[in-house]
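Novice: Quick one: the structure is below, questions incoming.
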Protein chains: 2
Amino acid sequence: MIDEPGGVIVALADPTRRQLLDLMAARGEVTATTLAEALPVSRQAVVKHLAVLDAAGLVSRSRAGREVRYAVRPEALNATARWMAGLATEWDRRLARIKRLAEEA
Amino acid sequence: MIDEPGGVIVALADPTRRQLLDLMAARGEVTATTLAEALPVSRQAVVKHLAVLDAAGLVSRSRAGREVRYAVRPEALNATARWMAGLATEWDRRLARIKRLAEEA
DNA sequence: CCAATGTGCAACTCTGAGGTTGCACACAAT
DNA sequence: ATTGTGTGCAACCTCAGAGTTGCACATTGG
């Protein structure tokens with residue numbers, strides 16, 4: 001109910017983070033520096049956003065020498081989509097029940 | 001890509017708004033004043049949240065005399081769930097394609 | 001070795017969202 | 001008519017988050 005799957009929604013609420021996800025989905029493994037070049041923000045801003053996305057499970061981090069490569073992880077997004085669909089279904093059930101009770105009276 | 005269905009994600013990102021949605025899903029049609037009594041925030045705060053939820057299409061407004069009744073609308077939630085699932089699928093496709101290209105080289 | 005490039009950490013600014021209070025207006029009820 | 005309850009509007013406050021800058025620390029390449 002109150003709980004939302006691991007901060008995914010909050011992570012997706014920011015437009016810059018959504019742009020980052022798009023870029024990563026298009027290019028595969030990329031570094032924060034590369035991503036920053038494609039956006040009108042600094043590298044540090046990108047790093048912070050990537051930390052949020054990582055904490056939400058939406059991206060994976062992997063070191064390769066001195067650089068850190070990031071890539072999207074569809075799993076967390078899929079799980080959240082299922083959670084959301086389930087919630088919508090529950091709302092439907094509850095509304096139907098309330099309507100039924102109203103008509104019985 | 002960048003676009004998110006009508007501000008639904010942003011609306012869901014706030015815990016107070018999620019609580020409001022839960023309450024409405026449980027009780028059916030309720031007023032802002034009633035909702036405020038169940039939460040540790042003022043009525044005005046609730047009204048602002050309901051305005052956001054309304055703009056996102058997550059709730060419906062209906063006047064009944066001097067009071068305004070709100071109720072959840074599962075449709076917008078469902079649409080966003082489908083959008084999100086589709087996005088996850090696209091990520092999967094792109095990642096598979098990138099992986100395939102890497103193996104061909 | 002030295003220069004170049006990518007990362008990590010910390011302090012700082014600043015805007016906007018969430019929240020509050022106060023008051024005026026509308027409708028109900030007795 | 002007047003008291004009570006619900007709503008609407010506006011000004012205000014506060015703080016987390018998005019962004020910046022500056023510098024120190026790794027790692028790679030000539």
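In the structure tokens, chains take the letters A, B, ... in the order shown, each chain's residues start at 1, and ligands count up from 1 in the order shown.
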Which residues of chain A have any atom within 10 Å of an atom in chain B when counting only C-alpha atoms, and what is the closest pair of atoms for each, with the distance in Å to one decimal? Order the rows by chain and rising number and write it as a Markdown table.

Specialist:
| residue | atom | partner | partner_atom | distance |
| --- | --- | --- | --- | --- |
| A:Met1 | CA | B:Asp22 | CA | 6.4 |
| A:Ile2 | CA | B:Gln19 | CA | 5.7 |
| A:Asp3 | CA | B:Pro15 | CA | 8.1 |
| A:Glu4 | CA | B:Ala13 | CA | 8.6 |
| A:Gly7 | CA | B:Ala13 | CA | 8.5 |
| A:Val8 | CA | B:Ala13 | CA | 8.9 |
| A:Ile9 | CA | B:Ala13 | CA | 5.6 |
| A:Val10 | CA | B:Ala13 | CA | 4.8 |
| A:Ala11 | CA | B:Ala13 | CA | 8.4 |
| A:Leu12 | CA | B:Ile9 | CA | 7.0 |
| A:Ala13 | CA | B:Val10 | CA | 4.8 |
| A:Asp14 | CA | B:Val10 | CA | 7.8 |
| A:Pro15 | CA | B:Ile2 | CA | 6.7 |
| A:Thr16 | CA | B:Ile2 | CA | 8.5 |
| A:Arg17 | CA | B:Ile2 | CA | 9.2 |
| A:Arg18 | CA | B:Ile2 | CA | 5.9 |
| A:Gln19 | CA | B:Ile2 | CA | 5.8 |
| A:Leu20 | CA | B:Ile2 | CA | 9.3 |
| A:Leu21 | CA | B:Met1 | CA | 8.9 |
| A:Asp22 | CA | B:Met1 | CA | 6.4 |
| A:Leu23 | CA | B:Met1 | CA | 9.7 |
| A:Met24 | CA | B:Trp91 | CA | 9.2 |
| A:Ala25 | CA | B:Trp91 | CA | 5.6 |
| A:Ala26 | CA | B:Arg94 | CA | 6.7 |
| A:Arg27 | CA | B:Ile98 | CA | 7.9 |
| A:Gly28 | CA | B:Leu95 | CA | 6.5 |
| A:Glu29 | CA | B:Ile98 | CA | 9.4 |
| A:Ala71 | CA | B:Leu95 | CA | 9.0 |
| A:Val72 | CA | B:Trp91 | CA | 7.4 |
| A:Arg73 | CA | B:Trp91 | CA | 7.9 |
| A:Pro74 | CA | B:Ala88 | CA | 5.0 |
| A:Glu75 | CA | B:Ala88 | CA | 7.5 |
| A:Ala76 | CA | B:Ala88 | CA | 8.7 |
| A:Leu77 | CA | B:Ala88 | CA | 5.9 |
| A:Asn78 | CA | B:Ala85 | CA | 5.6 |
| A:Ala79 | CA | B:Ala85 | CA | 8.7 |
| A:Thr80 | CA | B:Met84 | CA | 8.0 |
| A:Ala81 | CA | B:Ala81 | CA | 4.8 |
| A:Arg82 | CA | B:Ala81 | CA | 7.0 |
| A:Trp83 | CA | B:Ala81 | CA | 8.2 |
| A:Met84 | CA | B:Ala81 | CA | 5.5 |
| A:Ala85 | CA | B:Ala81 | CA | 5.4 |
| A:Gly86 | CA | B:Asn78 | CA | 8.8 |
| A:Leu87 | CA | B:Leu77 | CA | 8.1 |
| A:Ala88 | CA | B:Pro74 | CA | 5.0 |
| A:Thr89 | CA | B:Pro74 | CA | 7.5 |
| A:Glu90 | CA | B:Ala25 | CA | 8.4 |
| A:Trp91 | CA | B:Ala25 | CA | 5.6 |
| A:Asp92 | CA | B:Pro74 | CA | 6.3 |
| A:Arg93 | CA | B:Ala25 | CA | 9.4 |
| A:Arg94 | CA | B:Ala25 | CA | 6.5 |
| A:Leu95 | CA | B:Gly28 | CA | 6.5 |
| A:Ala96 | CA | B:Gly28 | CA | 9.8 |
| A:Arg97 | CA | B:Gly28 | CA | 9.6 |
| A:Ile98 | CA | B:Gly28 | CA | 6.6 |
| A:Lys99 | CA | B:Gly28 | CA | 8.6 |

Novice: Residues of chain A classed as alpha helix (DSSP H) by DSSP on the backbone are to be reported as a PyMOL selection string.

Specialist: chain A and resi 8-12+15-27+32-37+43-55+74-104

Novice: Could you take the residues named above and write them with C-alpha atoms, as a CSV table (one decimal), in the first residue's frame?

Specialist:
chain,number,residue,atom,x,y,z
A,8,VAL,CA,11.8,2.9,-8.1
A,9,ILE,CA,8.9,5.3,-8.4
A,10,VAL,CA,10.9,8.1,-6.8
A,11,ALA,CA,13.8,7.4,-9.0
A,12,LEU,CA,11.7,7.6,-12.1
A,15,PRO,CA,13.2,13.8,-15.8
A,16,THR,CA,17.0,13.8,-15.8
A,17,ARG,CA,17.1,10.3,-14.4
A,18,ARG,CA,14.7,9.2,-17.1
A,19,GLN,CA,16.9,10.7,-19.7
A,20,LEU,CA,19.9,8.8,-18.3
A,21,LEU,CA,18.0,5.6,-18.4
A,22,ASP,CA,17.1,6.2,-22.0
A,23,LEU,CA,20.7,6.8,-22.9
A,24,MET,CA,21.8,3.7,-21.1
A,25,ALA,CA,19.1,1.6,-22.7
A,26,ALA,CA,20.3,2.9,-26.1
A,27,ARG,CA,24.0,2.5,-25.6
A,32,ALA,CA,29.1,8.7,-15.9
A,33,THR,CA,31.5,10.9,-17.8
A,34,THR,CA,30.1,9.8,-21.2
A,35,LEU,CA,26.6,10.3,-20.0
A,36,ALA,CA,27.4,13.8,-18.7
A,37,GLU,CA,28.6,14.8,-22.1
A,43,ARG,CA,29.3,14.8,-14.3
A,44,GLN,CA,28.8,15.1,-10.5
A,45,ALA,CA,25.1,15.6,-11.0
A,46,VAL,CA,25.0,12.5,-13.2
A,47,VAL,CA,26.9,10.5,-10.6
A,48,LYS,CA,24.4,11.4,-7.9
A,49,HIS,CA,21.5,10.4,-10.2
A,50,LEU,CA,23.2,7.1,-11.0
A,51,ALA,CA,23.5,6.5,-7.3
A,52,VAL,CA,19.8,6.9,-6.9
A,53,LEU,CA,19.1,4.6,-9.8
A,54,ASP,CA,21.5,2.1,-8.4
A,55,ALA,CA,19.9,2.1,-5.0
A,74,PRO,CA,14.9,-4.2,-16.7
A,75,GLU,CA,14.0,-6.4,-13.7
A,76,ALA,CA,13.3,-3.7,-11.2
A,77,LEU,CA,11.2,-1.8,-13.7
A,78,ASN,CA,9.2,-4.9,-14.6
A,79,ALA,CA,8.6,-5.7,-10.9
A,80,THR,CA,7.3,-2.2,-10.3
A,81,ALA,CA,5.0,-2.4,-13.4
A,82,ARG,CA,3.5,-5.6,-12.0
A,83,TRP,CA,3.1,-4.1,-8.6
A,84,MET,CA,1.3,-1.1,-10.1
A,85,ALA,CA,-1.0,-3.3,-12.2
A,86,GLY,CA,-1.8,-5.3,-9.1
A,87,LEU,CA,-2.7,-2.2,-7.3
A,88,ALA,CA,-5.0,-1.0,-10.1
A,89,THR,CA,-6.7,-4.4,-10.0
A,90,GLU,CA,-7.2,-4.0,-6.2
A,91,TRP,CA,-8.7,-0.6,-6.7
A,92,ASP,CA,-11.1,-2.0,-9.2
A,93,ARG,CA,-12.2,-4.8,-6.8
A,94,ARG,CA,-12.7,-2.4,-4.0
A,95,LEU,CA,-14.7,0.1,-6.1
A,96,ALA,CA,-16.9,-2.7,-7.4
A,97,ARG,CA,-17.5,-4.0,-3.9
A,98,ILE,CA,-18.4,-0.5,-2.6
A,99,LYS,CA,-20.8,0.0,-5.6
A,100,ARG,CA,-22.4,-3.3,-4.9
A,101,LEU,CA,-23.0,-2.5,-1.2
A,102,ALA,CA,-24.5,0.9,-2.2
A,103,GLU,CA,-26.9,-0.8,-4.5
A,104,GLU,CA,-28.0,-3.3,-2.0

Novice: Output as an MDAnalysis selection string the set of chain B residues within 9 Å of chain C, with distances taken over only C-alpha atoms (C1' of nucleotides).

Specialist: chainID B and resid 41:42 44:45 65:67

Novice: Do you have, as a Markdown table, the list of residues of chain D lying at most 10 Å from chain B, each with its nearest atom pair and that distance in Å to one decimal, counting only C-alpha atoms (C1' of nucleotides) and ordered by chain then number?

Specialist:
| residue | atom | partner | partner_atom | distance |
| --- | --- | --- | --- | --- |
| D:DT5 | C1' | B:Arg66 | CA | 9.5 |
| D:DG6 | C1' | B:Glu67 | CA | 5.9 |
| D:DT7 | C1' | B:Glu67 | CA | 7.0 |
| D:DG8 | C1' | B:Gln44 | CA | 9.8 |

Novice: Keeping N, CA, C and O atoms (P, O5', C5', C4', C3', O3' and C1' of nucleotides) for every residue in the selection just given, could you write it to a file as a short mmCIF file (atom, residue, chain, number, x, y, z; two decimals), in the first residue's frame?

Specialist:
data_model
loop_
_atom_site.label_atom_id
_atom_site.label_comp_id
_atom_site.auth_asym_id
_atom_site.auth_seq_id
_atom_site.Cartn_x
_atom_site.Cartn_y
_atom_site.Cartn_z
P DT D 5 -19.76 21.69 13.90
"O5'" DT D 5 -19.41 21.29 12.41
"C5'" DT D 5 -20.43 20.77 11.58
"C4'" DT D 5 -20.11 21.02 10.11
"C3'" DT D 5 -18.68 20.64 9.69
"O3'" DT D 5 -18.75 19.78 8.58
"C1'" DT D 5 -19.27 22.76 8.87
P DG D 6 -17.46 18.95 8.17
"O5'" DG D 6 -17.19 19.54 6.72
"C5'" DG D 6 -18.20 19.38 5.71
"C4'" DG D 6 -17.82 20.24 4.53
"C3'" DG D 6 -16.39 20.03 4.03
"O3'" DG D 6 -16.39 19.74 2.65
"C1'" DG D 6 -16.85 22.33 4.36
P DT D 7 -15.03 19.48 1.87
"O5'" DT D 7 -14.81 20.85 1.09
"C5'" DT D 7 -15.87 21.40 0.33
"C4'" DT D 7 -15.53 22.81 -0.12
"C3'" DT D 7 -14.19 22.94 -0.85
"O3'" DT D 7 -14.41 23.40 -2.17
"C1'" DT D 7 -14.47 24.65 0.79
P DG D 8 -13.21 23.59 -3.17
"O5'" DG D 8 -12.75 25.11 -2.99
"C5'" DG D 8 -13.70 26.15 -3.16
"C4'" DG D 8 -13.00 27.50 -3.17
"C3'" DG D 8 -11.65 27.51 -3.88
"O3'" DG D 8 -11.57 28.67 -4.71
"C1'" DG D 8 -11.40 28.23 -1.62
#

Novice: If you run DSSP on the backbone, which residues of chain B are strand (DSSP E or B), as a compact mmCIF listing (two decimals) with N, CA, C and O atoms, in the first residue's frame?

Specialist:
# COMPACT_ATOMS: atom_id res chain seq x y z
N VAL B 30 -14.83 10.16 -0.70
CA VAL B 30 -14.55 10.87 0.55
C VAL B 30 -14.21 12.32 0.26
O VAL B 30 -13.85 12.68 -0.85
N THR B 31 -14.34 13.15 1.30
CA THR B 31 -14.01 14.57 1.17
C THR B 31 -12.59 14.82 1.67
O THR B 31 -12.01 14.00 2.40
N VAL B 59 -7.50 10.51 -9.59
CA VAL B 59 -8.74 10.60 -8.82
C VAL B 59 -9.79 11.38 -9.60
O VAL B 59 -9.47 12.09 -10.55
N SER B 60 -11.04 11.23 -9.19
CA SER B 60 -12.13 11.98 -9.79
C SER B 60 -12.73 12.91 -8.74
O SER B 60 -12.79 12.57 -7.57
N ARG B 61 -13.12 14.09 -9.17
CA ARG B 61 -13.77 15.08 -8.31
C ARG B 61 -15.25 15.14 -8.65
O ARG B 61 -15.62 15.12 -9.83
N SER B 62 -16.09 15.26 -7.62
CA SER B 62 -17.51 15.45 -7.89
C SER B 62 -18.14 16.23 -6.74
O SER B 62 -17.95 15.90 -5.58
N ARG B 63 -18.82 17.30 -7.11
CA ARG B 63 -19.49 18.10 -6.07
C ARG B 63 -20.77 17.42 -5.63
O ARG B 63 -21.50 16.82 -6.44
N ALA B 64 -21.06 17.56 -4.34
CA ALA B 64 -22.33 17.09 -3.78
C ALA B 64 -22.74 18.11 -2.74
O ALA B 64 -22.35 18.02 -1.59
N GLU B 67 -20.03 19.96 -0.40
CA GLU B 67 -18.78 19.20 -0.28
C GLU B 67 -18.32 18.63 -1.62
O GLU B 67 -19.10 18.46 -2.56
N VAL B 68 -17.02 18.36 -1.67
CA VAL B 68 -16.40 17.80 -2.87
C VAL B 68 -15.92 16.39 -2.55
O VAL B 68 -15.12 16.21 -1.64
N ARG B 69 -16.41 15.42 -3.30
CA ARG B 69 -16.05 14.03 -3.04
C ARG B 69 -14.99 13.57 -4.04
O ARG B 69 -15.08 13.84 -5.23
N TYR B 70 -14.02 12.88 -3.52
CA TYR B 70 -12.94 12.34 -4.36
C TYR B 70 -12.99 10.82 -4.34
O TYR B 70 -13.39 10.20 -3.35
N ALA B 71 -12.57 10.22 -5.45
CA ALA B 71 -12.50 8.75 -5.53
C ALA B 71 -11.36 8.36 -6.47
O ALA B 71 -11.00 9.11 -7.38
N VAL B 72 -10.78 7.21 -6.23
CA VAL B 72 -9.68 6.75 -7.07
C VAL B 72 -10.16 6.37 -8.47
O VAL B 72 -11.31 5.99 -8.66

Novice: Tell me, in Å to one decimal, how far CA of Pro5 (chain B) is from CA of Ala56 (chain B).

Specialist: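 A separation of 8.3 Å between them.
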